[in-house]
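Source file: protein_33.cif. Holds: mmCIF, C-alpha atoms.
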data_final
#
loop_
_atom_site.label_atom_id
_atom_site.label_comp_id
_atom_site.auth_asym_id
_atom_site.auth_seq_id
_atom_site.Cartn_x
_atom_site.Cartn_y
_atom_site.Cartn_z
CA MET A 23 -54.29 -0.11 -16.51
CA THR A 24 -50.78 -1.56 -16.64
CA LEU A 25 -49.76 -5.22 -16.71
CA PHE A 26 -47.29 -5.99 -13.91
CA GLU A 27 -45.02 -9.06 -14.00
CA ALA A 28 -43.07 -10.49 -11.06
CA SER A 29 -41.02 -13.68 -10.75
CA PHE A 30 -40.47 -15.77 -7.62
CA GLY A 31 -38.09 -18.67 -8.14
CA GLU A 32 -39.71 -20.82 -10.82
CA TRP A 33 -43.03 -18.90 -10.73
CA THR A 34 -44.10 -15.84 -12.69
CA ILE A 35 -47.18 -13.76 -11.84
CA TRP A 36 -48.86 -11.30 -14.19
CA SER A 37 -51.47 -8.94 -12.73
CA THR A 38 -53.61 -5.88 -13.36
CA VAL A 39 -56.10 -3.87 -11.32
CA GLY A 40 -58.82 -1.72 -12.85
CA ALA A 41 -59.35 -3.63 -16.10
CA LEU A 42 -58.51 -6.93 -17.72
CA PRO A 43 -55.36 -6.69 -19.88
CA GLU A 44 -55.39 -6.84 -23.67
CA ILE A 45 -53.67 -10.24 -23.40
CA TYR A 46 -56.49 -11.68 -21.25
CA ALA A 47 -57.96 -13.85 -24.03
CA ASP A 48 -54.51 -15.26 -24.91
CA HIS A 49 -53.69 -16.05 -21.27
CA ALA A 50 -57.11 -17.68 -20.80
CA ALA A 51 -56.76 -19.73 -24.00
CA HIS A 52 -53.41 -21.21 -22.88
CA ALA A 53 -54.16 -21.75 -19.18
CA SER A 54 -55.12 -25.13 -17.72
CA LEU A 55 -57.54 -23.43 -15.30
CA VAL A 56 -59.43 -20.15 -15.77
CA ASP A 57 -61.40 -19.01 -12.73
CA GLU A 58 -63.74 -16.04 -13.32
CA PHE A 59 -65.89 -14.19 -10.78
CA ASP A 60 -68.55 -11.54 -11.50
CA LEU A 61 -66.97 -10.31 -14.75
CA GLU A 62 -70.37 -9.32 -16.18
CA SER A 63 -71.13 -7.12 -13.17
CA ALA A 64 -70.87 -3.35 -13.53
CA GLU A 65 -70.11 -3.08 -9.81
CA GLY A 66 -66.65 -3.17 -8.28
CA CYS A 67 -63.17 -3.13 -9.75
CA ALA A 68 -61.63 -5.63 -12.18
CA SER A 69 -58.58 -7.67 -11.22
CA PHE A 70 -56.48 -10.16 -13.16
CA VAL A 71 -53.85 -12.59 -11.86
CA SER A 72 -52.19 -15.31 -13.90
CA VAL A 73 -49.41 -17.66 -12.83
CA GLY A 74 -46.96 -19.66 -14.91
CA ARG A 75 -44.03 -21.92 -14.13
CA GLY A 76 -40.58 -21.96 -15.65
CA GLN A 77 -39.81 -20.69 -19.10
CA ALA A 78 -43.12 -21.80 -20.65
CA GLY A 79 -44.22 -18.23 -21.38
CA TRP A 80 -47.91 -18.92 -20.83
CA PRO A 81 -49.73 -19.16 -17.50
CA GLU A 82 -51.14 -22.35 -16.09
CA LEU A 83 -53.75 -20.49 -14.00
CA VAL A 84 -55.80 -17.35 -14.68
CA VAL A 85 -58.00 -15.69 -12.06
CA ALA A 86 -60.17 -12.79 -13.25
CA GLN A 87 -62.74 -11.05 -11.10
CA ARG A 88 -64.63 -7.94 -10.20
CA PHE A 89 -64.32 -7.16 -6.51
CA ALA A 90 -65.55 -4.70 -3.90
CA PRO A 91 -64.65 -2.80 -1.89
CA GLY A 92 -61.78 -1.65 -4.05
CA PRO A 93 -58.82 0.69 -4.18
CA GLU A 94 -60.99 3.79 -3.87
CA SER A 95 -61.86 2.55 -0.36
CA GLY A 96 -58.29 1.55 0.50
CA PHE A 97 -58.65 -2.18 -0.29
CA HIS A 98 -56.09 -3.38 -2.83
CA PRO A 99 -55.90 -6.95 -4.15
CA GLY A 100 -52.93 -9.13 -3.23
CA ALA A 101 -51.39 -12.49 -4.06
CA LEU A 102 -48.83 -14.72 -2.38
CA ILE A 103 -47.17 -17.89 -3.63
CA ALA A 104 -46.05 -20.37 -0.96
CA PRO A 105 -43.33 -21.88 -3.18
CA GLU A 106 -42.54 -24.97 -1.09
CA ALA A 107 -46.13 -26.18 -1.51
CA ALA A 108 -46.88 -24.51 -4.87
CA THR A 109 -49.93 -22.78 -3.39
CA LEU A 110 -51.30 -19.43 -4.57
CA PHE A 111 -53.31 -17.24 -2.18
CA VAL A 112 -55.37 -14.39 -3.67
CA GLY A 113 -57.34 -11.70 -1.86
CA ALA A 114 -59.49 -8.99 -3.44
CA GLY A 115 -62.32 -7.05 -1.82
CA THR A 116 -64.05 -9.59 0.40
CA ARG A 117 -63.06 -12.66 -1.66
CA LEU A 118 -60.20 -14.94 -0.55
CA LEU A 119 -59.01 -17.78 -2.80
CA ALA A 120 -56.36 -20.49 -2.67
CA TYR A 121 -55.05 -22.64 -5.53
CA ASP A 122 -52.85 -25.69 -5.80
CA LEU A 123 -50.59 -24.67 -8.67
CA THR A 124 -49.49 -28.23 -9.46
CA GLY A 125 -52.95 -29.09 -10.86
CA PRO A 126 -53.85 -26.35 -11.06
CA ARG A 127 -57.06 -26.48 -9.02
CA ARG A 128 -58.93 -24.21 -6.62
CA LEU A 129 -58.55 -25.37 -3.01
CA TRP A 130 -61.10 -23.06 -1.42
CA GLU A 131 -62.97 -19.76 -1.47
CA ASP A 132 -63.48 -17.77 1.74
CA ILE A 133 -64.73 -14.34 2.83
CA ALA A 134 -62.89 -11.47 4.52
CA GLU A 135 -65.50 -9.41 6.35
CA VAL A 136 -65.48 -5.75 5.17
CA GLY A 137 -62.29 -6.21 3.09
CA PHE A 138 -58.92 -7.88 2.52
CA TRP A 139 -55.64 -6.08 3.38
CA SER A 140 -52.65 -8.39 2.82
CA TRP A 141 -50.94 -11.79 2.77
CA ARG A 142 -47.58 -12.39 4.51
CA GLN A 143 -45.59 -15.60 4.88
CA HIS A 144 -43.63 -16.29 8.08
CA GLY A 145 -41.84 -19.61 7.74
CA ALA A 146 -44.48 -22.30 7.22
CA VAL A 147 -47.38 -19.98 8.14
CA VAL A 148 -49.29 -17.68 5.76
CA LEU A 149 -51.08 -14.79 7.50
CA MET A 150 -54.04 -12.93 6.04
CA ALA A 151 -54.88 -9.49 7.39
CA ALA A 152 -58.32 -8.01 6.78
CA GLU A 153 -60.33 -5.17 8.25
CA LEU A 154 -61.95 -7.41 10.87
CA GLU A 155 -59.87 -10.62 10.86
CA LEU A 156 -56.37 -12.00 11.23
CA ALA A 157 -56.13 -15.60 9.99
CA ALA A 158 -53.44 -18.22 9.36
CA TRP A 159 -53.02 -21.07 6.91
CA ASP A 160 -50.22 -23.52 6.32
CA GLY A 161 -48.42 -23.43 2.98
CA ASN A 162 -50.75 -26.12 1.59
CA GLY A 163 -53.80 -23.92 2.17
CA ARG A 164 -55.11 -25.65 5.32
CA LYS A 165 -56.60 -23.11 7.74
CA LEU A 166 -54.81 -23.10 11.10
CA TRP A 167 -56.80 -20.43 12.95
CA SER A 168 -58.78 -17.21 12.65
CA HIS A 169 -59.15 -14.35 15.11
CA PRO A 170 -61.55 -11.38 14.97
CA VAL A 171 -59.99 -7.92 15.25
CA GLU A 172 -61.26 -4.36 15.21
CA PRO A 173 -59.42 -1.30 13.92
CA PRO A 174 -57.06 0.06 14.87
CA TRP A 175 -55.01 -3.12 15.03
CA ASP A 176 -51.54 -4.34 14.10
CA TYR A 177 -49.36 -7.42 14.48
CA ALA A 178 -45.70 -8.39 14.48
CA VAL A 179 -44.01 -11.77 14.24
CA ALA A 180 -40.81 -12.65 16.10
CA GLY A 181 -39.66 -16.21 15.49
CA THR A 182 -42.60 -18.47 16.33
CA GLU A 183 -44.52 -15.86 18.36
CA LEU A 184 -47.14 -13.42 17.13
CA ARG A 185 -47.80 -10.15 18.97
CA LEU A 186 -51.25 -8.74 18.25
CA GLU A 187 -52.38 -5.28 19.31
CA VAL A 188 -56.09 -4.51 18.97
CA MET A 189 -57.38 -1.10 20.09
CA GLY A 190 -54.41 -0.69 22.43
CA LEU A 191 -54.67 -4.15 24.03
CA GLU A 192 -51.74 -6.49 23.37
CA SER A 193 -51.74 -10.29 23.30
CA ARG A 194 -49.08 -12.83 22.38
CA PHE A 195 -49.51 -16.38 21.16
CA PRO A 196 -47.83 -19.08 19.04
CA LEU A 197 -47.85 -18.17 15.35
CA ALA A 198 -48.93 -21.63 14.16
CA GLY A 199 -51.19 -22.37 17.13
CA GLY A 200 -53.08 -19.10 17.23
CA PRO A 201 -54.78 -17.47 20.20
CA ALA A 202 -56.31 -19.66 22.91
CA GLY A 203 -59.72 -20.85 21.80
CA ALA A 204 -59.14 -20.12 18.11
#
Just give me the structure as structure tokens.
Amino acid sequence: MTLFEASFGEWTIWSTVGALPEIYADHAAHASLVDEFDLESAEGCASFVSVGRGQAGWPELVVAQRFAPGPESGFHPGALIAPEAATLFVGAGTRLLAYDLTGPRRLWEDIAEVGFWSWRQHGAVVLMAAELELAAWDGNGRKLWSHPVEPPWDYAVAGTELRLEVMGLESRFPLAGGPAGA
């Protein structure tokens, strides 16, 4: 297990997968919000994400969890900060989370059927890809739309249009508006 640190503008993220880091207790002691999920469980894989702002050195938010399915099944955790709104999106296994970093406070918890794949931001829209779902939120964490998919599937964004290909069938729709009926 290795602690990974990345900075995005004024934000710094620390993360691990596989075990909680040795500095977990220190991060938790200094954070304004510590959100823990299933840490006592022997099932799944451990994940740790903490976020701090500026030069403070300590995080304001810590998220620690055990999740499944995990890396051995091809499902890796991911995080995205929408900096203009100070919103953190976290996905691990089937758990999706969003946090307002200005509080900090949890905005919501959701489920990704079968397993989470990735977060990507395209302008004001945050896309979440999962095994059986493509979904969109605005930067503040408000859900815009959700669309079921089935592997193999892929998408591409060009400007304000999203092209979705599911099992060889292609559709196009507005990125923020989603597919008709969504």
* To do: One decimal, Å: what's the distance from atom CA of A:Glu155 over to atom CA of A:Leu118, could you say?
  => 12.2 Å
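Of the listed residues (A:Gly181, A:Gly74, A:Gly115, A:Pro126), A:Gly115 comes nearest to A:Pro99; the distances count all atoms listed in the file.
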* To do: Specify as an MDAnalysis selection string each residue included when the PyMOL selection byres ((chain A and resi 45-50) around 12) is applied to this file.
  => chainID A and resid 24:25 35:38 41:44 51:58 69:74 79:87
Selected residues, C-alpha atoms, written as a PDB file, in the coordinates of the input, please.
ATOM      1  CA  THR A  24     -50.780  -1.560 -16.640  1.00  0.00           C
ATOM      2  CA  LEU A  25     -49.760  -5.220 -16.710  1.00  0.00           C
ATOM      3  CA  ILE A  35     -47.180 -13.760 -11.840  1.00  0.00           C
ATOM      4  CA  TRP A  36     -48.860 -11.300 -14.190  1.00  0.00           C
ATOM      5  CA  SER A  37     -51.470  -8.940 -12.730  1.00  0.00           C
ATOM      6  CA  THR A  38     -53.610  -5.880 -13.360  1.00  0.00           C
ATOM      7  CA  ALA A  41     -59.350  -3.630 -16.100  1.00  0.00           C
ATOM      8  CA  LEU A  42     -58.510  -6.930 -17.720  1.00  0.00           C
ATOM      9  CA  PRO A  43     -55.360  -6.690 -19.880  1.00  0.00           C
ATOM     10  CA  GLU A  44     -55.390  -6.840 -23.670  1.00  0.00           C
ATOM     11  CA  ALA A  51     -56.760 -19.730 -24.000  1.00  0.00           C
ATOM     12  CA  HIS A  52     -53.410 -21.210 -22.880  1.00  0.00           C
ATOM     13  CA  ALA A  53     -54.160 -21.750 -19.180  1.00  0.00           C
ATOM     14  CA  SER A  54     -55.120 -25.130 -17.720  1.00  0.00           C
ATOM     15  CA  LEU A  55     -57.540 -23.430 -15.300  1.00  0.00           C
ATOM     16  CA  VAL A  56     -59.430 -20.150 -15.770  1.00  0.00           C
ATOM     17  CA  ASP A  57     -61.400 -19.010 -12.730  1.00  0.00           C
ATOM     18  CA  GLU A  58     -63.740 -16.040 -13.320  1.00  0.00           C
ATOM     19  CA  SER A  69     -58.580  -7.670 -11.220  1.00  0.00           C
ATOM     20  CA  PHE A  70     -56.480 -10.160 -13.160  1.00  0.00           C
ATOM     21  CA  VAL A  71     -53.850 -12.590 -11.860  1.00  0.00           C
ATOM     22  CA  SER A  72     -52.190 -15.310 -13.900  1.00  0.00           C
ATOM     23  CA  VAL A  73     -49.410 -17.660 -12.830  1.00  0.00           C
ATOM     24  CA  GLY A  74     -46.960 -19.660 -14.910  1.00  0.00           C
ATOM     25  CA  GLY A  79     -44.220 -18.230 -21.380  1.00  0.00           C
ATOM     26  CA  TRP A  80     -47.910 -18.920 -20.830  1.00  0.00           C
ATOM     27  CA  PRO A  81     -49.730 -19.160 -17.500  1.00  0.00           C
ATOM     28  CA  GLU A  82     -51.140 -22.350 -16.090  1.00  0.00           C
ATOM     29  CA  LEU A  83     -53.750 -20.490 -14.000  1.00  0.00           C
ATOM     30  CA  VAL A  84     -55.800 -17.350 -14.680  1.00  0.00           C
ATOM     31  CA  VAL A  85     -58.000 -15.690 -12.060  1.00  0.00           C
ATOM     32  CA  ALA A  86     -60.170 -12.790 -13.250  1.00  0.00           C
ATOM     33  CA  GLN A  87     -62.740 -11.050 -11.100  1.00  0.00           C
TER      34      GLN A  87
END
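Atom pair atom CA of A:Trp167 / atom CA of A:Pro201 has a distance of 8.1 Å (rounded to one decimal).
Picture a line from atom CA of A:Glu187 to atom CA of A:Ala157; it runs 14.4 Å.
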* Asked: Got a sec to resolve the PyMOL selection byres ((chain A and resi 160) around 6) on this structure and send the residues as a ChimeraX atom specification?
  -> /A:146-148,159,161-164
Selection from above, C-alpha atoms, as a PDB file, keeping the file's coordinate frame, can you write it?
ATOM      1  CA  ALA A 146     -44.480 -22.300   7.220  1.00  0.00           C
ATOM      2  CA  VAL A 147     -47.380 -19.980   8.140  1.00  0.00           C
ATOM      3  CA  VAL A 148     -49.290 -17.680   5.760  1.00  0.00           C
ATOM      4  CA  TRP A 159     -53.020 -21.070   6.910  1.00  0.00           C
ATOM      5  CA  GLY A 161     -48.420 -23.430   2.980  1.00  0.00           C
ATOM      6  CA  ASN A 162     -50.750 -26.120   1.590  1.00  0.00           C
ATOM      7  CA  GLY A 163     -53.800 -23.920   2.170  1.00  0.00           C
ATOM      8  CA  ARG A 164     -55.110 -25.650   5.320  1.00  0.00           C
TER       9      ARG A 164
END
* Asked: Residues picked by the PyMOL selection byres ((chain A and resi 188) around 8) here, as a PyMOL selection string?
  -> chain A and resi 171-176+186-187+189-192
* To do: Pull the neighbourhood of (-40.4, -18.3, -14.4) for me: all residues within 8 Å in file coordinates, counting all atoms listed in the file, as an MDAnalysis selection string.
  => chainID A and resid 29:34 74:79
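Minimum atom-to-atom distance to A:Gly100, evaluated using only C-alpha atoms, belongs to A:Gly137 out of A:Gly125, A:Gly145, A:Gly137, A:Pro170.
For the choices A:Leu119, A:Leu156, A:Gln143, A:Gly203, the atom-to-atom distance to A:Arg185 is smallest for A:Leu156 when using all atoms listed in the file.
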Padding 8 Å on every side, please: axis-aligned box over the listed atoms of stretch 184-200 of chain A, centre and edge lengths to one decimal in Å, as lines of an AutoDock Vina configuration file.
center_x = -52.3
center_y = -11.5
center_z = 19.1
size_x = 26.2
size_y = 37.7
size_z = 25.9
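The closest residue to A:Leu102, picked from A:Arg117, A:Ala64, A:Trp141, A:Phe89 and counting only C-alpha atoms, is A:Trp141.
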